[in-house]
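Enquirer: Got a structure for you, written out below as structure tokens; questions coming shortly.
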Amino acid sequence: MVTVRLADVERDALAILDGAKDFIARMDFTEGLPEDDAGLIEAVKALIAAGMEIAVTEHEGRIVGGIGMLPVPSAWNPKIAVDSERFWWTAPGAPPTTALALLRWAMGRGPKLKAFVKLTSSPDGVTDVYRRLGLRKIEETWIGIV
């Protein structure tokens, strides 16, 4: 069984850092990302200072996943906040329920309008999970350092 809780950034910092590094290692785009642990820590601290909350999942005393959600004003209606997923990951070997537990936590918090990302390197099943959560695809993002 996995449990979800708000991260204690001081206590959970190493696990969050390890999760971020594992996530980045599986991405097919790394341009502009921090090059070292200090840069990753600085990036996460900046997001927390901006209001991001991080939840982690635990299984048998070990953190096996995490998600960061940041409420931001909607680009099209600044009176409405969008709860924007900034990252989420599950550790290799994590129980199959880990991802769903994180997503359920995210769906039950904060603003009702949610925005999640599916990277080109995300598992194929992510699209189906997002649809089952009531989300729909409305855009594609193109990124690069130019």
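Residue numbers start at 1 in each chain; chains themselves are named A, B, ... in the order of the structure tokens; ligands are numbered from 1 in the order shown.
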When you look at Ala101 of chain A with a cut-off of 12 Å (counting only C-alpha atoms), what residues show up, excluding the ones that are within fewer than 5 positions of it in the same chain? I need them as a compact mmCIF listing (two decimals) with N, CA, C and O atoms, in the first residue's frame.

Expert:
# COMPACT_ATOMS: atom_id res chain seq x y z
N MET A 1 0.83 -1.18 0.00
CA MET A 1 0.00 0.00 0.00
C MET A 1 0.88 1.24 0.00
O MET A 1 1.87 1.30 0.72
N VAL A 2 0.51 2.21 -0.83
CA VAL A 2 1.23 3.47 -0.84
C VAL A 2 0.41 4.52 -0.10
O VAL A 2 -0.82 4.47 -0.09
N THR A 3 1.10 5.44 0.54
CA THR A 3 0.44 6.57 1.20
C THR A 3 0.97 7.85 0.58
O THR A 3 2.14 7.93 0.17
N VAL A 4 0.11 8.85 0.50
CA VAL A 4 0.47 10.15 -0.04
C VAL A 4 0.46 11.16 1.09
O VAL A 4 -0.44 11.16 1.92
N ARG A 5 1.49 12.01 1.12
CA ARG A 5 1.55 13.07 2.12
C ARG A 5 2.26 14.27 1.53
O ARG A 5 3.01 14.14 0.55
N ALA A 55 3.81 16.73 -3.09
CA ALA A 55 3.36 15.56 -2.34
C ALA A 55 4.26 14.40 -2.73
O ALA A 55 4.77 14.34 -3.86
N VAL A 56 4.48 13.50 -1.80
CA VAL A 56 5.27 12.30 -2.07
C VAL A 56 4.44 11.08 -1.69
O VAL A 56 3.52 11.16 -0.87
N THR A 57 4.77 9.96 -2.33
CA THR A 57 4.17 8.69 -1.95
C THR A 57 5.23 7.86 -1.26
O THR A 57 6.40 7.87 -1.66
N GLU A 58 4.79 7.16 -0.22
CA GLU A 58 5.69 6.27 0.50
C GLU A 58 5.18 4.85 0.39
O GLU A 58 3.97 4.61 0.38
N HIS A 59 6.12 3.93 0.32
CA HIS A 59 5.81 2.50 0.32
C HIS A 59 6.90 1.81 1.12
O HIS A 59 8.08 1.94 0.80
N VAL A 64 8.56 6.68 -3.11
CA VAL A 64 8.56 6.03 -4.42
C VAL A 64 7.90 6.89 -5.50
O VAL A 64 7.69 6.43 -6.63
N GLY A 65 7.59 8.13 -5.18
CA GLY A 65 7.01 9.02 -6.19
C GLY A 65 6.78 10.39 -5.62
O GLY A 65 6.80 10.60 -4.40
N GLY A 66 6.58 11.33 -6.51
CA GLY A 66 6.32 12.69 -6.08
C GLY A 66 5.63 13.48 -7.17
O GLY A 66 5.69 13.12 -8.35
N ILE A 67 4.98 14.56 -6.76
CA ILE A 67 4.29 15.45 -7.70
C ILE A 67 4.37 16.87 -7.17
O ILE A 67 4.28 17.09 -5.96
N TRP A 88 5.93 15.24 -12.09
CA TRP A 88 5.56 14.08 -11.28
C TRP A 88 6.35 12.90 -11.79
O TRP A 88 6.71 12.83 -12.95
N TRP A 89 6.67 12.04 -10.86
CA TRP A 89 7.45 10.86 -11.21
C TRP A 89 7.10 9.71 -10.28
O TRP A 89 6.58 9.92 -9.19
N THR A 90 7.37 8.51 -10.75
CA THR A 90 7.32 7.33 -9.90
C THR A 90 8.66 6.62 -10.06
O THR A 90 9.23 6.58 -11.15
N ALA A 94 8.30 1.01 -8.26
CA ALA A 94 7.23 1.46 -7.36
C ALA A 94 5.97 0.64 -7.60
O ALA A 94 5.74 0.16 -8.72
N PRO A 95 5.14 0.46 -6.58
CA PRO A 95 3.89 -0.27 -6.79
C PRO A 95 3.06 0.38 -7.90
O PRO A 95 3.11 1.60 -8.08
N PRO A 96 2.29 -0.41 -8.64
CA PRO A 96 1.51 0.12 -9.75
C PRO A 96 0.52 1.21 -9.36
O PRO A 96 0.13 2.01 -10.18
N ALA A 106 -3.51 15.18 -6.41
CA ALA A 106 -3.48 16.44 -7.17
C ALA A 106 -4.89 16.87 -7.59
O ALA A 106 -5.22 18.05 -7.54
N MET A 107 -5.72 15.91 -7.98
CA MET A 107 -7.06 16.24 -8.45
C MET A 107 -7.95 16.72 -7.30
O MET A 107 -8.89 17.48 -7.53
N GLY A 108 -7.66 16.33 -6.10
CA GLY A 108 -8.49 16.69 -4.96
C GLY A 108 -8.08 17.96 -4.24
O GLY A 108 -8.67 18.31 -3.22
N VAL A 129 -4.86 7.62 -18.73
CA VAL A 129 -5.08 7.98 -17.32
C VAL A 129 -5.62 9.40 -17.24
O VAL A 129 -6.59 9.67 -16.52

Enquirer: Would you pick out the contacts of Gly68 of chain A at 6 Å or less, using only C-alpha atoms, so that residues sharing its chain but fewer than 3 positions from it are not included, and give the list as a list of chain:residue names?

Expert: A:Glu53, A:Ile54, A:Glu85, A:Arg86, A:Phe87

Enquirer: Go ahead and write the selection's residues with N, CA and C atoms as a PDB file, in the first residue's frame.

Expert:
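Printed below is part-v5.pdb as written:
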ATOM      1  N   GLU A  53       3.210  23.199  -4.198  1.00  0.00           N
ATOM      2  CA  GLU A  53       3.195  22.195  -3.147  1.00  0.00           C
ATOM      3  C   GLU A  53       3.666  20.877  -3.736  1.00  0.00           C
ATOM      4  N   ILE A  54       4.429  20.145  -2.943  1.00  0.00           N
ATOM      5  CA  ILE A  54       4.939  18.845  -3.368  1.00  0.00           C
ATOM      6  C   ILE A  54       4.329  17.782  -2.463  1.00  0.00           C
ATOM      7  N   GLU A  85       0.484  21.172 -13.002  1.00  0.00           N
ATOM      8  CA  GLU A  85       1.482  20.162 -12.653  1.00  0.00           C
ATOM      9  C   GLU A  85       2.830  20.605 -13.207  1.00  0.00           C
ATOM     10  N   ARG A  86       3.825  20.678 -12.333  1.00  0.00           N
ATOM     11  CA  ARG A  86       5.168  21.087 -12.761  1.00  0.00           C
ATOM     12  C   ARG A  86       6.055  19.863 -12.967  1.00  0.00           C
ATOM     13  N   PHE A  87       5.785  18.812 -12.230  1.00  0.00           N
ATOM     14  CA  PHE A  87       6.500  17.550 -12.408  1.00  0.00           C
ATOM     15  C   PHE A  87       5.769  16.464 -11.657  1.00  0.00           C
TER      16      PHE A  87
END

Enquirer: Name the residues of segment 20-141 of chain A that fall into strand (DSSP E) according to DSSP on the backbone, using the chain letters and numbers of this document, as an NGL selection string.

Expert: :A and (53-59 or 62-73 or 81-90 or 113-115)

Enquirer: Could you jot down the atom CA of Lys137 of chain A to atom CA of Asp83 of chain A separation for me, Å, one decimal place?

Expert: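 Straight-line distance from atom CA of Lys137 of chain A to atom CA of Asp83 of chain A works out to 15.6 Å.
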
Enquirer: Using DSSP secondary structure from the backbone, list all alpha helix (DSSP H) positions within segment 19-116 of chain A, as a PyMOL selection string.

Expert: chain A and resi 19-26+37-49+98-107

Enquirer: Using only C-alpha atoms, which of A:Trp105, A:Ala38, A:Trp76, A:Phe29 sits nearest Ile143 of chain A?

Expert: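 Among A:Trp105, A:Ala38, A:Trp76, A:Phe29, it is A:Phe29 that comes nearest to Ile143 of chain A.
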
Enquirer: Just want the 12 Å neighbourhood of Thr120 of chain A, counted on only C-alpha atoms, with same-chain residues fewer than 5 positions away dropped. Output as a PyMOL selection string.

Expert: chain A and resi 26-29+126-127+140-143

Enquirer: Output the selection as a short mmCIF file (atom, residue, chain, number, x, y, z; two decimals), in the first residue's frame - N, CA, C and O atoms for each residue.

Expert:
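Output (result_8.cif):
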data_model
loop_
_atom_site.label_atom_id
_atom_site.label_comp_id
_atom_site.auth_asym_id
_atom_site.auth_seq_id
_atom_site.Cartn_x
_atom_site.Cartn_y
_atom_site.Cartn_z
N ARG A 26 15.08 10.06 -17.86
CA ARG A 26 14.15 9.39 -18.77
C ARG A 26 13.56 10.33 -19.82
O ARG A 26 12.83 9.87 -20.71
N MET A 27 13.84 11.61 -19.72
CA MET A 27 13.31 12.58 -20.68
C MET A 27 14.13 12.56 -21.96
O MET A 27 15.32 12.26 -21.94
N ASP A 28 13.48 12.94 -23.05
CA ASP A 28 14.22 13.05 -24.30
C ASP A 28 14.55 14.50 -24.63
O ASP A 28 14.93 14.83 -25.75
N PHE A 29 14.40 15.39 -23.67
CA PHE A 29 14.74 16.80 -23.84
C PHE A 29 15.36 17.29 -22.54
O PHE A 29 14.72 17.21 -21.49
N VAL A 126 -0.21 7.21 -20.08
CA VAL A 126 -0.51 8.47 -19.40
C VAL A 126 -1.71 9.15 -20.05
O VAL A 126 -2.58 9.68 -19.36
N THR A 127 -1.81 9.10 -21.37
CA THR A 127 -2.94 9.72 -22.06
C THR A 127 -4.26 9.14 -21.56
O THR A 127 -5.20 9.87 -21.25
N GLU A 140 -0.42 21.35 -27.85
CA GLU A 140 0.91 20.73 -27.87
C GLU A 140 1.90 21.83 -27.59
O GLU A 140 1.70 22.97 -28.01
N THR A 141 2.95 21.51 -26.90
CA THR A 141 3.97 22.50 -26.57
C THR A 141 5.22 22.20 -27.37
O THR A 141 5.65 21.04 -27.45
N TRP A 142 5.80 23.22 -27.93
CA TRP A 142 7.05 23.10 -28.69
C TRP A 142 8.08 23.92 -27.94
O TRP A 142 7.82 25.04 -27.52
N ILE A 143 9.25 23.32 -27.71
CA ILE A 143 10.26 23.98 -26.88
C ILE A 143 11.64 23.82 -27.49
O ILE A 143 11.92 22.84 -28.17
#

Enquirer: Residues at most 8 Å from Leu135 of chain A, counting only C-alpha atoms, excluding those fewer than 4 positions away in the same chain, as a list of chain:residue names?

Expert: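 Returned residues: A:Lys114, A:Tyr130, A:Arg131.
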
Enquirer: Could you write out the selected residues, including all heavy atoms, as a PDB file, in the first residue's frame?

Expert:
ATOM      1  N   LYS A 114      -7.413  22.066 -13.775  1.00  0.00           N
ATOM      2  CA  LYS A 114      -6.122  21.371 -13.679  1.00  0.00           C
ATOM      3  C   LYS A 114      -5.431  21.351 -15.036  1.00  0.00           C
ATOM      4  O   LYS A 114      -6.081  21.251 -16.080  1.00  0.00           O
ATOM      5  CB  LYS A 114      -6.313  19.910 -13.237  1.00  0.00           C
ATOM      6  CG  LYS A 114      -7.087  19.734 -11.950  1.00  0.00           C
ATOM      7  CD  LYS A 114      -6.329  20.214 -10.748  1.00  0.00           C
ATOM      8  CE  LYS A 114      -7.146  19.970  -9.481  1.00  0.00           C
ATOM      9  NZ  LYS A 114      -6.508  20.482  -8.313  1.00  0.00           N
ATOM     10  N   TYR A 130      -5.052  10.333 -17.975  1.00  0.00           N
ATOM     11  CA  TYR A 130      -5.534  11.715 -17.959  1.00  0.00           C
ATOM     12  C   TYR A 130      -6.986  11.784 -18.415  1.00  0.00           C
ATOM     13  O   TYR A 130      -7.802  12.495 -17.834  1.00  0.00           O
ATOM     14  CB  TYR A 130      -4.667  12.598 -18.842  1.00  0.00           C
ATOM     15  CG  TYR A 130      -3.302  12.938 -18.269  1.00  0.00           C
ATOM     16  CD1 TYR A 130      -2.341  13.529 -19.073  1.00  0.00           C
ATOM     17  CD2 TYR A 130      -2.968  12.696 -16.947  1.00  0.00           C
ATOM     18  CE1 TYR A 130      -1.089  13.857 -18.586  1.00  0.00           C
ATOM     19  CE2 TYR A 130      -1.719  13.007 -16.443  1.00  0.00           C
ATOM     20  CZ  TYR A 130      -0.788  13.608 -17.265  1.00  0.00           C
ATOM     21  OH  TYR A 130       0.442  13.939 -16.778  1.00  0.00           O
ATOM     22  N   ARG A 131      -7.326  11.038 -19.457  1.00  0.00           N
ATOM     23  CA  ARG A 131      -8.720  11.034 -19.932  1.00  0.00           C
ATOM     24  C   ARG A 131      -9.662  10.496 -18.868  1.00  0.00           C
ATOM     25  O   ARG A 131     -10.750  11.034 -18.659  1.00  0.00           O
ATOM     26  CB  ARG A 131      -8.833  10.201 -21.211  1.00  0.00           C
ATOM     27  CG  ARG A 131      -8.335  10.926 -22.426  1.00  0.00           C
ATOM     28  CD  ARG A 131      -8.662  10.156 -23.701  1.00  0.00           C
ATOM     29  NE  ARG A 131      -8.112  10.866 -24.841  1.00  0.00           N
ATOM     30  CZ  ARG A 131      -7.268  10.335 -25.710  1.00  0.00           C
ATOM     31  NH1 ARG A 131      -6.906   9.063 -25.613  1.00  0.00           N
ATOM     32  NH2 ARG A 131      -6.801  11.047 -26.706  1.00  0.00           N
TER      33      ARG A 131
END

Enquirer: Quick one, how far is atom CA of Ala50 of chain A from atom CA of Ala13 of chain A?

Expert: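 Between atom CA of Ala50 of chain A and atom CA of Ala13 of chain A the gap is 17.5 Å.
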
Enquirer: For a quick check of understanding, using only C-alpha atoms, which of A:Leu133, A:Val44, A:Met52, A:Leu100 has the smallest distance to Pro71 of chain A?

Expert: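 Checking each candidate against Pro71 of chain A, we get A:Met52 as the closest.
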
Enquirer: Just checking: using only C-alpha atoms, which residue out of A:Glu60, A:Asp18, A:Asp128, A:Asp12 ends up closest to Leu40 of chain A?

Expert: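 Comparing A:Glu60, A:Asp18, A:Asp128, A:Asp12 against Leu40 of chain A, the winner is A:Asp18.
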
Enquirer: Skip Pro34 of chain A itself and residues of its chain fewer than 6 positions away, then list as number ranges by chain all residues within 12 Å of it, counting only C-alpha atoms.

Expert: A: 17, 20-21, 24, 40-44

Enquirer: Just to be explicit: take each residue in the selection above, keep C-alpha atoms, and write the result as a compact mmCIF listing (two decimals), in the first residue's frame.

Expert:
# COMPACT_ATOMS: atom_id res chain seq x y z
CA LEU A 17 16.30 15.29 -5.77
CA ALA A 20 14.01 14.67 -10.23
CA LYS A 21 17.26 13.20 -11.51
CA ILE A 24 15.29 13.90 -16.16
CA LEU A 40 18.02 21.31 -9.36
CA ILE A 41 17.71 22.23 -5.69
CA GLU A 42 17.63 25.93 -6.59
CA ALA A 43 14.91 25.29 -9.20
CA VAL A 44 12.71 23.37 -6.75
